[in-house]
file protein_15.txt (compact mmCIF, C-alpha atoms and all ligand atoms)
# COMPACT_ATOMS: atom_id res chain seq x y z
CA MET W 1200 118.69 -127.60 -18.71
CA SER W 1201 121.16 -129.78 -16.84
CA GLY W 1202 124.86 -128.85 -16.61
CA ALA W 1203 127.60 -129.86 -19.04
CA TYR W 1204 128.10 -133.61 -19.46
CA ILE W 1205 131.13 -134.86 -17.58
CA ALA W 1206 132.61 -138.11 -18.80
CA VAL W 1207 133.17 -140.78 -16.16
CA MET W 1208 136.71 -142.15 -16.14
CA LYS W 1209 137.98 -145.41 -14.73
CA LEU W 1210 140.46 -144.41 -12.04
CA LYS W 1211 142.84 -146.25 -9.79
CA LEU W 1212 143.41 -144.44 -6.49
CA LEU W 1213 146.73 -145.40 -4.92
CA ILE W 1214 146.51 -145.76 -1.14
CA SER W 1215 149.34 -143.95 0.61
CA PRO W 1216 151.79 -146.08 2.63
CA LEU W 1217 151.16 -143.56 5.45
CA ALA W 1218 147.58 -144.81 5.62
CA GLY W 1219 148.88 -148.15 6.93
CA GLY W 1220 150.28 -146.35 9.98
CA ALA W 1221 146.98 -144.53 10.48
CA PHE W 1222 144.37 -147.21 9.85
CA PHE W 1223 146.45 -150.38 10.32
CA ASN W 1224 144.96 -153.67 9.03
CA GLU W 1225 141.67 -151.95 8.18
CA CYS W 1226 143.42 -149.42 5.94
CA VAL W 1227 141.65 -150.51 2.72
CA ASP W 1228 138.21 -150.64 4.38
CA VAL W 1229 138.70 -147.17 5.86
CA ALA W 1230 139.84 -145.81 2.49
CA ILE W 1231 136.74 -147.21 0.77
CA SER W 1232 134.49 -145.88 3.55
CA GLU W 1233 135.97 -142.40 3.25
CA PHE W 1234 135.68 -142.43 -0.51
CA LYS W 1235 132.04 -143.55 -0.42
CA GLU W 1236 131.08 -141.06 2.31
CA VAL W 1237 132.73 -138.02 0.74
CA LEU W 1238 132.32 -138.77 -2.97
CA GLY W 1239 129.63 -141.45 -2.97
CA ALA W 1240 127.01 -139.07 -4.34
CA ARG W 1241 129.11 -138.63 -7.47
CA ILE W 1242 129.42 -142.30 -8.36
CA THR W 1243 126.79 -143.98 -10.44
CA ASP W 1244 127.38 -147.53 -9.30
CA GLU W 1245 128.59 -148.35 -5.77
CA CYS W 1246 129.72 -151.79 -6.94
CA THR W 1247 132.40 -150.16 -9.05
CA VAL W 1248 134.29 -149.11 -5.90
CA GLN W 1249 136.69 -152.00 -5.49
CA HIS W 1250 140.00 -152.81 -3.91
CA GLU W 1251 142.82 -154.14 -6.10
CA ARG W 1252 146.30 -155.13 -5.05
CA ILE W 1253 149.09 -154.88 -7.62
CA GLY W 1254 152.41 -156.10 -6.24
CA THR W 1255 152.74 -154.33 -2.91
CA MET W 1256 150.47 -151.44 -3.89
CA ASP W 1257 146.84 -151.13 -2.84
CA PHE W 1258 144.40 -149.30 -5.09
CA VAL W 1259 140.76 -148.34 -4.85
CA ASN W 1260 139.23 -148.59 -8.32
CA VAL W 1261 136.44 -146.10 -8.99
CA GLY W 1262 134.57 -144.42 -11.82
CA LEU W 1263 134.56 -140.61 -11.52
CA GLY W 1264 134.38 -137.43 -13.56
CA GLU W 1265 136.94 -134.64 -13.73
CA ASP W 1266 134.79 -132.41 -11.51
CA SER W 1267 135.73 -134.63 -8.54
CA PHE W 1268 139.50 -134.38 -8.89
CA SER W 1269 140.01 -131.54 -6.42
CA ALA W 1270 137.98 -133.42 -3.77
CA LEU W 1271 139.99 -136.58 -4.54
CA ALA W 1272 143.22 -134.75 -3.83
CA ARG W 1273 142.08 -134.07 -0.25
CA LEU W 1274 141.08 -137.60 0.71
CA SER W 1275 143.15 -138.71 3.68
CA PHE W 1276 144.38 -141.99 2.20
CA ILE W 1277 145.36 -140.87 -1.27
CA GLN W 1278 148.91 -141.01 -2.59
CA GLY W 1279 148.07 -140.58 -6.27
CA ALA W 1280 145.47 -141.36 -8.91
CA PHE W 1281 145.76 -142.91 -12.35
CA VAL W 1282 143.46 -143.14 -15.34
CA ASP W 1283 143.08 -146.76 -16.35
CA ASN W 1284 143.23 -146.79 -20.16
CA GLY W 1285 141.74 -150.28 -20.29
CA GLU W 1286 144.82 -151.74 -21.99
CA GLY W 1287 146.95 -152.21 -18.89
CA GLY W 1288 148.26 -148.64 -19.02
CA LEU W 1289 147.98 -146.22 -16.10
CA ILE W 1290 148.19 -142.50 -16.79
CA PRO W 1291 148.98 -140.42 -13.69
CA LEU W 1292 146.64 -137.59 -12.80
CA THR W 1293 147.95 -134.34 -11.39
CA LEU W 1294 146.05 -133.99 -8.13
CA ARG W 1295 146.37 -130.65 -6.40
CA PRO W 1296 145.06 -130.40 -2.84
CA ASP W 1297 145.85 -126.65 -2.93
CA PHE W 1298 146.99 -126.43 0.66
CA PRO W 1299 148.32 -122.93 1.30
CA LEU W 1300 150.96 -123.80 3.91
CA PRO W 1301 154.00 -126.09 3.97
CA LYS W 1302 153.34 -129.74 4.79
CA SER W 1303 155.53 -129.47 7.88
CA MET W 1304 152.87 -127.31 9.52
CA VAL W 1305 150.87 -130.52 10.08
CA PHE W 1306 153.43 -133.30 9.76
CA GLY W 1307 156.61 -131.63 10.97
CA TRP W 1308 156.06 -131.90 14.70
CA LYS W 1309 155.96 -135.17 16.63
CA TYR W 1310 155.05 -135.42 20.31
CA GLN W 1311 153.52 -137.89 22.69
CA GLY W 1312 149.72 -137.92 22.43
CA LYS W 1313 149.63 -136.48 18.91
CA THR W 1314 146.66 -137.72 16.90
CA ASN W 1315 147.69 -139.37 13.67
CA GLU W 1316 147.67 -136.75 10.91
CA LEU W 1317 145.67 -138.83 8.41
CA VAL W 1318 143.04 -139.79 10.99
CA THR W 1319 142.64 -136.10 11.75
CA GLN W 1320 142.34 -135.28 8.05
CA LEU W 1321 139.72 -138.00 7.63
CA ALA W 1322 137.66 -136.56 10.51
CA LEU W 1323 138.00 -133.09 9.02
CA ASN W 1324 136.88 -134.29 5.58
CA LEU W 1325 133.84 -136.00 7.11
CA ALA W 1326 132.79 -132.95 9.13
CA LEU W 1327 133.21 -130.67 6.10
CA HIS W 1328 131.19 -133.06 3.96
CA HIS W 1329 128.28 -133.08 6.41
CA ALA W 1330 128.30 -129.37 7.26
CA ASP W 1331 125.27 -127.62 5.82
CA THR W 1332 125.19 -124.19 7.40
CA GLY W 1333 124.15 -122.31 4.28
CA ARG W 1334 127.66 -121.08 3.59
CA ALA W 1335 131.02 -122.60 2.70
CA PRO W 1336 132.56 -123.70 6.01
CA GLN W 1337 134.85 -121.03 7.42
CA THR W 1338 135.41 -121.92 11.05
CA LEU W 1339 136.53 -125.00 12.99
CA LEU W 1340 136.59 -125.73 16.69
CA ASP W 1341 138.54 -128.52 18.35
CA PRO W 1342 137.26 -128.52 21.95
CA MET W 1343 140.01 -130.88 23.18
CA ALA W 1344 142.81 -129.68 20.95
CA GLY W 1345 145.98 -131.05 22.55
CA LYS W 1346 148.85 -129.43 20.68
CA GLY W 1347 146.72 -128.68 17.67
CA THR W 1348 146.94 -131.29 14.87
CA THR W 1349 143.31 -130.51 13.93
CA LEU W 1350 143.96 -126.78 14.09
CA PHE W 1351 147.00 -126.98 11.82
CA TRP W 1352 144.99 -129.05 9.33
CA ALA W 1353 142.21 -126.47 9.49
CA LEU W 1354 144.67 -123.82 8.34
CA GLN W 1355 145.60 -126.01 5.38
CA TYR W 1356 141.91 -126.18 4.44
CA GLY W 1357 141.61 -122.39 4.57
CA LEU W 1358 139.58 -122.35 7.79
CA ASN W 1359 139.87 -120.20 10.87
CA ALA W 1360 140.94 -122.55 13.67
CA THR W 1361 140.06 -122.41 17.35
CA GLY W 1362 140.99 -124.91 20.03
CA ILE W 1363 140.42 -125.42 23.73
CA GLU W 1364 142.89 -127.46 25.77
CA LYS W 1365 142.94 -128.02 29.51
CA ASP W 1366 146.66 -128.76 29.68
CA ALA W 1367 148.07 -125.25 30.02
CA SER W 1368 151.54 -126.34 28.86
CA ALA W 1369 150.14 -126.88 25.35
CA LEU W 1370 149.85 -123.13 24.89
CA SER W 1371 153.56 -122.34 25.06
CA ALA W 1372 154.44 -125.47 23.04
CA VAL W 1373 152.03 -124.53 20.22
CA HIS W 1374 153.19 -120.93 20.34
CA ALA W 1375 156.81 -122.04 19.92
CA GLN W 1376 155.89 -124.37 17.05
CA LEU W 1377 153.90 -121.74 15.18
CA LYS W 1378 156.64 -119.19 15.64
CA LYS W 1379 159.21 -121.66 14.32
CA GLN W 1380 157.13 -122.63 11.27
CA CYS W 1381 156.34 -119.01 10.42
CA LYS W 1382 160.01 -118.07 10.65
CA LEU W 1383 161.22 -121.12 8.72
CA HIS W 1384 158.77 -120.60 5.85
CA HIS W 1385 158.64 -116.79 5.89
CA ILE W 1386 154.92 -116.78 6.67
CA LYS W 1387 153.70 -113.28 7.44
CA HIS W 1388 151.77 -113.20 10.68
CA THR W 1389 150.93 -111.25 13.80
CA ALA W 1390 150.82 -112.99 17.16
CA ALA W 1391 148.90 -111.96 20.26
CA HIS W 1392 148.15 -113.41 23.65
CA GLY W 1393 145.80 -112.57 26.50
CA SER W 1394 142.97 -113.90 28.65
CA VAL W 1395 139.27 -114.31 28.09
CA GLY W 1396 136.27 -113.38 30.23
CA GLN W 1397 135.73 -114.30 33.83
CA LYS W 1398 137.14 -117.81 33.41
CA ASN W 1399 140.65 -116.67 33.96
CA LYS W 1400 141.34 -118.83 36.98
CA GLY W 1401 145.07 -119.38 37.28
CA SER W 1402 146.28 -120.59 33.92
CA MET W 1403 142.72 -121.15 32.57
CA GLY W 1404 141.30 -118.74 30.01
CA LYS W 1405 144.67 -117.75 28.57
CA PHE W 1406 144.92 -117.70 24.80
CA ILE W 1407 147.35 -117.26 21.92
CA LYS W 1408 146.14 -115.94 18.59
CA TYR W 1409 147.97 -115.92 15.30
CA ASP W 1410 146.70 -113.95 12.33
CA LEU W 1411 148.14 -115.30 9.10
CA ALA W 1412 147.43 -113.81 5.67
CA LYS W 1413 143.82 -114.95 5.46
CA GLN W 1414 143.26 -117.02 8.56
CA THR W 1415 143.25 -117.03 12.30
CA PHE W 1416 144.63 -119.64 14.67
CA ARG W 1417 143.58 -119.46 18.32
CA LEU W 1418 144.20 -121.79 21.24
CA VAL W 1419 142.55 -121.20 24.62
CA THR W 1420 143.35 -123.02 27.85
CA GLY W 1421 140.38 -124.19 29.83
CA ASP W 1422 137.79 -126.85 30.46
CA SER W 1423 135.93 -127.73 27.31
CA CYS W 1424 132.68 -127.86 29.27
CA ASP W 1425 132.96 -124.06 29.50
CA ALA W 1426 133.31 -123.72 25.72
CA PRO W 1427 130.64 -121.01 25.11
CA GLU W 1428 132.08 -118.76 27.83
CA LEU W 1429 135.68 -119.37 26.80
CA LEU W 1430 134.80 -118.58 23.19
CA GLN W 1431 132.45 -115.72 23.97
CA LYS W 1432 129.52 -117.50 22.35
CA GLN W 1433 131.16 -117.70 18.92
CA ARG W 1434 129.59 -120.42 16.77
CA PHE W 1435 131.48 -122.65 14.33
CA ASP W 1436 130.71 -124.43 11.08
CA ILE W 1437 132.41 -127.63 12.17
CA ILE W 1438 133.76 -129.29 15.29
CA VAL W 1439 136.48 -131.92 14.95
CA CYS W 1440 137.90 -133.63 18.01
CA ASP W 1441 139.97 -136.64 18.96
CA LEU W 1442 138.55 -137.56 22.35
CA PRO W 1443 140.84 -138.83 25.11
CA TYR W 1444 141.09 -142.60 24.71
CA GLY W 1445 140.88 -143.38 28.42
CA VAL W 1446 144.15 -145.30 28.15
CA GLN W 1447 147.01 -142.89 27.47
CA PHE W 1448 144.84 -139.92 28.44
CA LYS W 1449 142.52 -139.85 31.37
CA ALA W 1450 139.74 -137.33 30.94
CA GLY W 1451 138.79 -137.36 34.62
CA PRO W 1452 138.71 -139.66 37.60
CA LYS W 1453 137.04 -142.44 35.56
CA ARG W 1454 138.75 -144.27 32.72
CA SER W 1455 136.05 -143.60 30.13
CA PRO W 1456 135.81 -140.13 28.61
CA LEU W 1457 132.03 -140.60 28.26
CA ASP W 1458 131.26 -138.64 31.44
CA THR W 1459 133.32 -135.69 30.24
CA VAL W 1460 131.67 -135.75 26.82
CA ALA W 1461 128.25 -135.99 28.48
CA ALA W 1462 129.08 -132.92 30.56
CA CYS W 1463 130.32 -131.01 27.50
CA ALA W 1464 127.93 -132.16 24.75
CA LYS W 1465 125.24 -129.49 25.17
CA ASN W 1466 127.80 -126.73 25.24
CA TRP W 1467 129.64 -128.11 22.22
CA LEU W 1468 126.37 -128.10 20.30
CA ALA W 1469 125.78 -124.52 21.44
CA CYS W 1470 129.08 -123.66 19.73
CA LEU W 1471 127.92 -125.20 16.44
CA ARG W 1472 125.98 -123.25 13.84
CA GLU W 1473 122.65 -124.70 12.75
CA GLY W 1474 123.40 -127.36 10.16
CA GLY W 1475 126.98 -127.58 11.42
CA ALA W 1476 128.68 -130.96 11.73
CA MET W 1477 130.85 -132.56 14.36
CA ALA W 1478 133.29 -135.46 13.84
CA LEU W 1479 134.44 -137.18 17.02
CA VAL W 1480 137.32 -139.65 16.94
CA PHE W 1481 137.04 -142.10 19.82
CA ASN W 1482 138.15 -145.44 21.21
CA ASN W 1483 135.24 -147.81 20.64
CA TYR W 1484 136.07 -149.69 23.88
CA GLN W 1485 135.23 -146.62 25.93
CA PRO W 1486 132.82 -145.18 25.18
CA LYS W 1487 131.02 -147.70 22.99
CA ARG W 1488 129.80 -146.19 19.74
CA GLU W 1489 126.15 -146.76 20.76
CA GLU W 1490 126.69 -144.94 24.07
CA LEU W 1491 128.25 -141.94 22.36
CA ALA W 1492 125.56 -141.92 19.66
CA ALA W 1493 122.76 -142.21 22.26
CA LEU W 1494 124.15 -139.26 24.17
CA PHE W 1495 123.91 -137.01 21.10
CA SER W 1496 120.62 -138.47 19.80
CA LYS W 1497 119.00 -137.30 23.05
CA LEU W 1498 120.11 -133.77 22.24
CA ASP W 1499 118.03 -133.58 19.08
CA THR W 1500 120.90 -134.00 16.64
CA VAL W 1501 121.31 -136.18 13.57
CA VAL W 1502 123.78 -139.00 14.20
CA HIS W 1503 125.09 -140.29 10.88
CA PRO W 1504 125.64 -144.01 10.25
CA PHE W 1505 129.25 -143.58 9.02
CA SER W 1506 131.70 -145.87 10.80
CA ALA W 1507 135.32 -146.77 10.02
CA PRO W 1508 136.61 -148.87 12.92
CA HIS W 1509 140.30 -149.74 12.91
CA ARG W 1510 142.29 -151.49 15.61
CA MET W 1511 145.24 -149.48 16.91
CA SER W 1512 146.24 -151.80 19.74
CA GLU W 1513 144.85 -154.42 22.10
CA SER W 1514 142.94 -151.77 24.03
CA ILE W 1515 142.06 -149.26 21.30
CA VAL W 1516 139.72 -149.69 18.33
CA ARG W 1517 139.44 -146.22 16.89
CA ASP W 1518 136.32 -145.03 15.11
CA ILE W 1519 134.67 -141.76 14.07
CA LEU W 1520 131.15 -140.59 14.90
CA ILE W 1521 129.56 -137.83 12.83
CA ILE W 1522 126.82 -135.68 14.29
CA SER W 1523 124.92 -132.80 12.69
CA ARG W 1524 123.15 -130.02 14.45
CA LYS W 1525 119.68 -129.82 12.95
CA GLN W 1526 118.75 -126.85 10.78
CA GLU W 1527 116.06 -124.72 12.35
CA ASP W 1528 113.20 -124.34 9.93
CA PHE W 1529 113.23 -120.57 9.81
CA ASN W 1530 110.61 -120.30 7.09
CA LEU W 1531 108.21 -122.43 9.07
CA ASN W 1532 108.88 -120.38 12.21
CA ARG W 1533 108.11 -117.21 10.30
CA LEU W 1534 104.87 -118.69 8.92
CA VAL W 1535 103.74 -119.83 12.36
CA ARG W 1536 104.35 -116.40 13.83
C1 LIG W 1601 143.58 -137.32 22.22
S1 LIG W 1601 144.18 -135.85 22.88
C2 LIG W 1601 144.06 -134.73 21.51
C3 LIG W 1601 145.35 -134.66 20.76
C4 LIG W 1601 145.34 -133.63 19.64
N1 LIG W 1601 144.41 -133.98 18.58
C5 LIG W 1601 146.73 -133.47 19.06
O1 LIG W 1601 147.04 -134.09 18.04
O2 LIG W 1601 147.56 -132.77 19.68
C6 LIG W 1601 142.85 -135.32 23.89
C7 LIG W 1601 143.13 -134.02 24.63
O3 LIG W 1601 141.97 -133.66 25.36
C8 LIG W 1601 142.39 -132.90 26.48
N2 LIG W 1601 141.26 -132.81 27.40
C9 LIG W 1601 140.69 -133.81 28.14
N3 LIG W 1601 139.65 -133.34 28.86
C10 LIG W 1601 139.54 -132.02 28.56
C11 LIG W 1601 138.65 -131.00 28.96
N4 LIG W 1601 137.67 -131.24 29.84
N5 LIG W 1601 138.80 -129.77 28.44
C12 LIG W 1601 139.80 -129.50 27.55
N6 LIG W 1601 140.69 -130.44 27.14
C13 LIG W 1601 140.56 -131.67 27.62
C14 LIG W 1601 143.59 -133.69 26.97
O4 LIG W 1601 144.42 -132.88 27.79
C15 LIG W 1601 144.26 -134.07 25.66
O5 LIG W 1601 145.25 -133.14 25.29
call {"tool": "encode", "arguments": {"input": "protein_15.txt", "output": "structure tokens", "more": "lines below"}}
Ligand SMILES: C[S@@+](CC[C@H](N)C(=O)[O-])C[C@H]1O[C@@H](n2cnc3c(N)ncnc32)[C@H](O)[C@@H]1O
result
Amino acid sequence: MSGAYIAVMKLKLLISPLAGGAFFNECVDVAISEFKEVLGARITDECTVQHERIGTMDFVNVGLGEDSFSALARLSFIQGAFVDNGEGGLIPLTLRPDFPLPKSMVFGWKYQGKTNELVTQLALNLALHHADTGRAPQTLLDPMAGKGTTLFWALQYGLNATGIEKDASALSAVHAQLKKQCKLHHIKHTAAHGSVGQKNKGSMGKFIKYDLAKQTFRLVTGDSCDAPELLQKQRFDIIVCDLPYGVQFKAGPKRSPLDTVAACAKNWLACLREGGAMALVFNNYQPKREELAALFSKLDTVVHPFSAPHRMSESIVRDILIISRKQEDFNLNRLVR
């Protein structure tokens, strides 16, 4: 027998004003793309996903059942949701994203080079949606973590967070921020620091580790190309990364970060569990989406068609590429043996 019948309701999803600062003129398109990618399987008719502007407010109108409300609450663009009673009345829904930590953990720290918080959340949602490792995702890696926006989000989603960053100064900055947040919000924790493996050349290979109530936060300094050694071959359910854009950040002697990603790609995949998913935020001017996709296609991965381009500036059109590591067919392997 099929499960209990869940009535579909007509909902209006209010797009957050913050989304304008994250996705710019393409804000509505990105919101619709995220909704369709993450919750598309639950809608019966794609045509019912429509944009509506009321006054200065932008809504995405959808038809959904109550079983989707918790997922709705975690969409990056959402400010609120209302049931449309069909007579011009809007009844607000209580959406609870159930994030365990204060908002300031993610939003309370501004610095040059920080990835927009909502863009990071979108990438995280996409990677989680596509992860199929045979268990609920528990671990995230950001192999170019900067000062940790992705890692702080991961904590909000109940994941264990690990980052690699080549700029050694990030370590002390993140340490200070975590210490401050834990003190401010009375978050019980233990903090440790040390070095990993043989890669401890100068400041490389140093790490800080925070154990919070149920989760771990770890940041390691080093070159992302050495990820398996730096992380002692640990494998992760998802990888989320905002690549250097080749404008503000230079990943190497060349302007495009493609060479660096090409050098790292195999090792990043080695850090991903079978069925794990990776979401890479990148500037579509360098590398081009097709170049980035081709690089991963060659490595026997699944590159998903999702795309949500949005122009940040004259020289940056940001987009997200989602890649899955294929599941090994264990049963087949066993049969063949
Ligand atoms: C776009 S920034 C990430 C910002 C980060 N999401 C945040 O909000 O703090 C890209 C980062 O990649 C780092 N990076 C570039 N090449 C790297 C490499 N080979 N290994 C590790 N980190 C690298 C840069 O130092 C920079 O901090």
call {"tool": "residues_around", "arguments": {"input": "protein_15.txt", "residues": "Ala1492 of chain W", "least_positions_apart": "6", "cutoff": "10 Å", "atoms": "all atoms listed in the file", "output": "PyMOL selection string"}}
result
chain W and resi 1486+1500-1504+1520-1522
call {"tool": "residues_near_ligand", "arguments": {"input": "protein_15.txt", "ligand": "ligand LIG 1601 (chain W)", "cutoff": "6 Å", "atoms": "all atoms listed in the file", "output": "list of chain:residue names"}}
result
W:Gly1312, W:Lys1313, W:Thr1314, W:Met1343, W:Ala1344, W:Gly1345, W:Lys1346, W:Gly1347, W:Thr1348, W:Thr1349, W:Ile1363, W:Glu1364, W:Lys1365, W:Asp1366, W:Gly1421, W:Asp1422, W:Ser1423, W:Asp1441, W:Leu1442, W:Pro1443, W:Ala1450
call {"tool": "closest_residue", "arguments": {"input": "protein_15.txt", "among": "W:Thr1332, W:Gln1431, W:Gln1485, W:Ser1371", "to": "Leu1457 of chain W", "atoms": "all atoms listed in the file"}}
result
W:Gln1485
call {"tool": "closest_residue", "arguments": {"input": "protein_15.txt", "among": "W:Ser1455, W:Gln1433, W:Asn1284, W:Ser1368", "to": "Lys1405 of chain W", "atoms": "all atoms listed in the file"}}
result
W:Ser1368
call {"tool": "closest_residue", "arguments": {"input": "protein_15.txt", "among": "W:Lys1487, W:Lys1211, W:Arg1334, W:His1328", "to": "Gly1288 of chain W", "atoms": "only C-alpha atoms"}}
result
W:Lys1211
call {"tool": "residues_around", "arguments": {"input": "protein_15.txt", "residues": "segment 1464-1478 of chain W", "least_positions_apart": "5", "cutoff": "6 Å", "atoms": "all atoms listed in the file", "output": "list in words"}}
result
Ala1322, Ala1326, His1329, Ala1330, Asp1331, Thr1332, Arg1434, Phe1435, Asp1436, Ile1437, Ile1438, Val1439, Leu1520, Ile1521, Ile1522, Ser1523, Arg1524, Lys1525 and Gln1526 of chain W
call {"tool": "closest_residue", "arguments": {"input": "protein_15.txt", "among": "W:Val1227, W:Met1403, W:Ile1290, W:Ala1272", "to": "Met1208 of chain W", "atoms": "only C-alpha atoms"}}
result
W:Ile1290
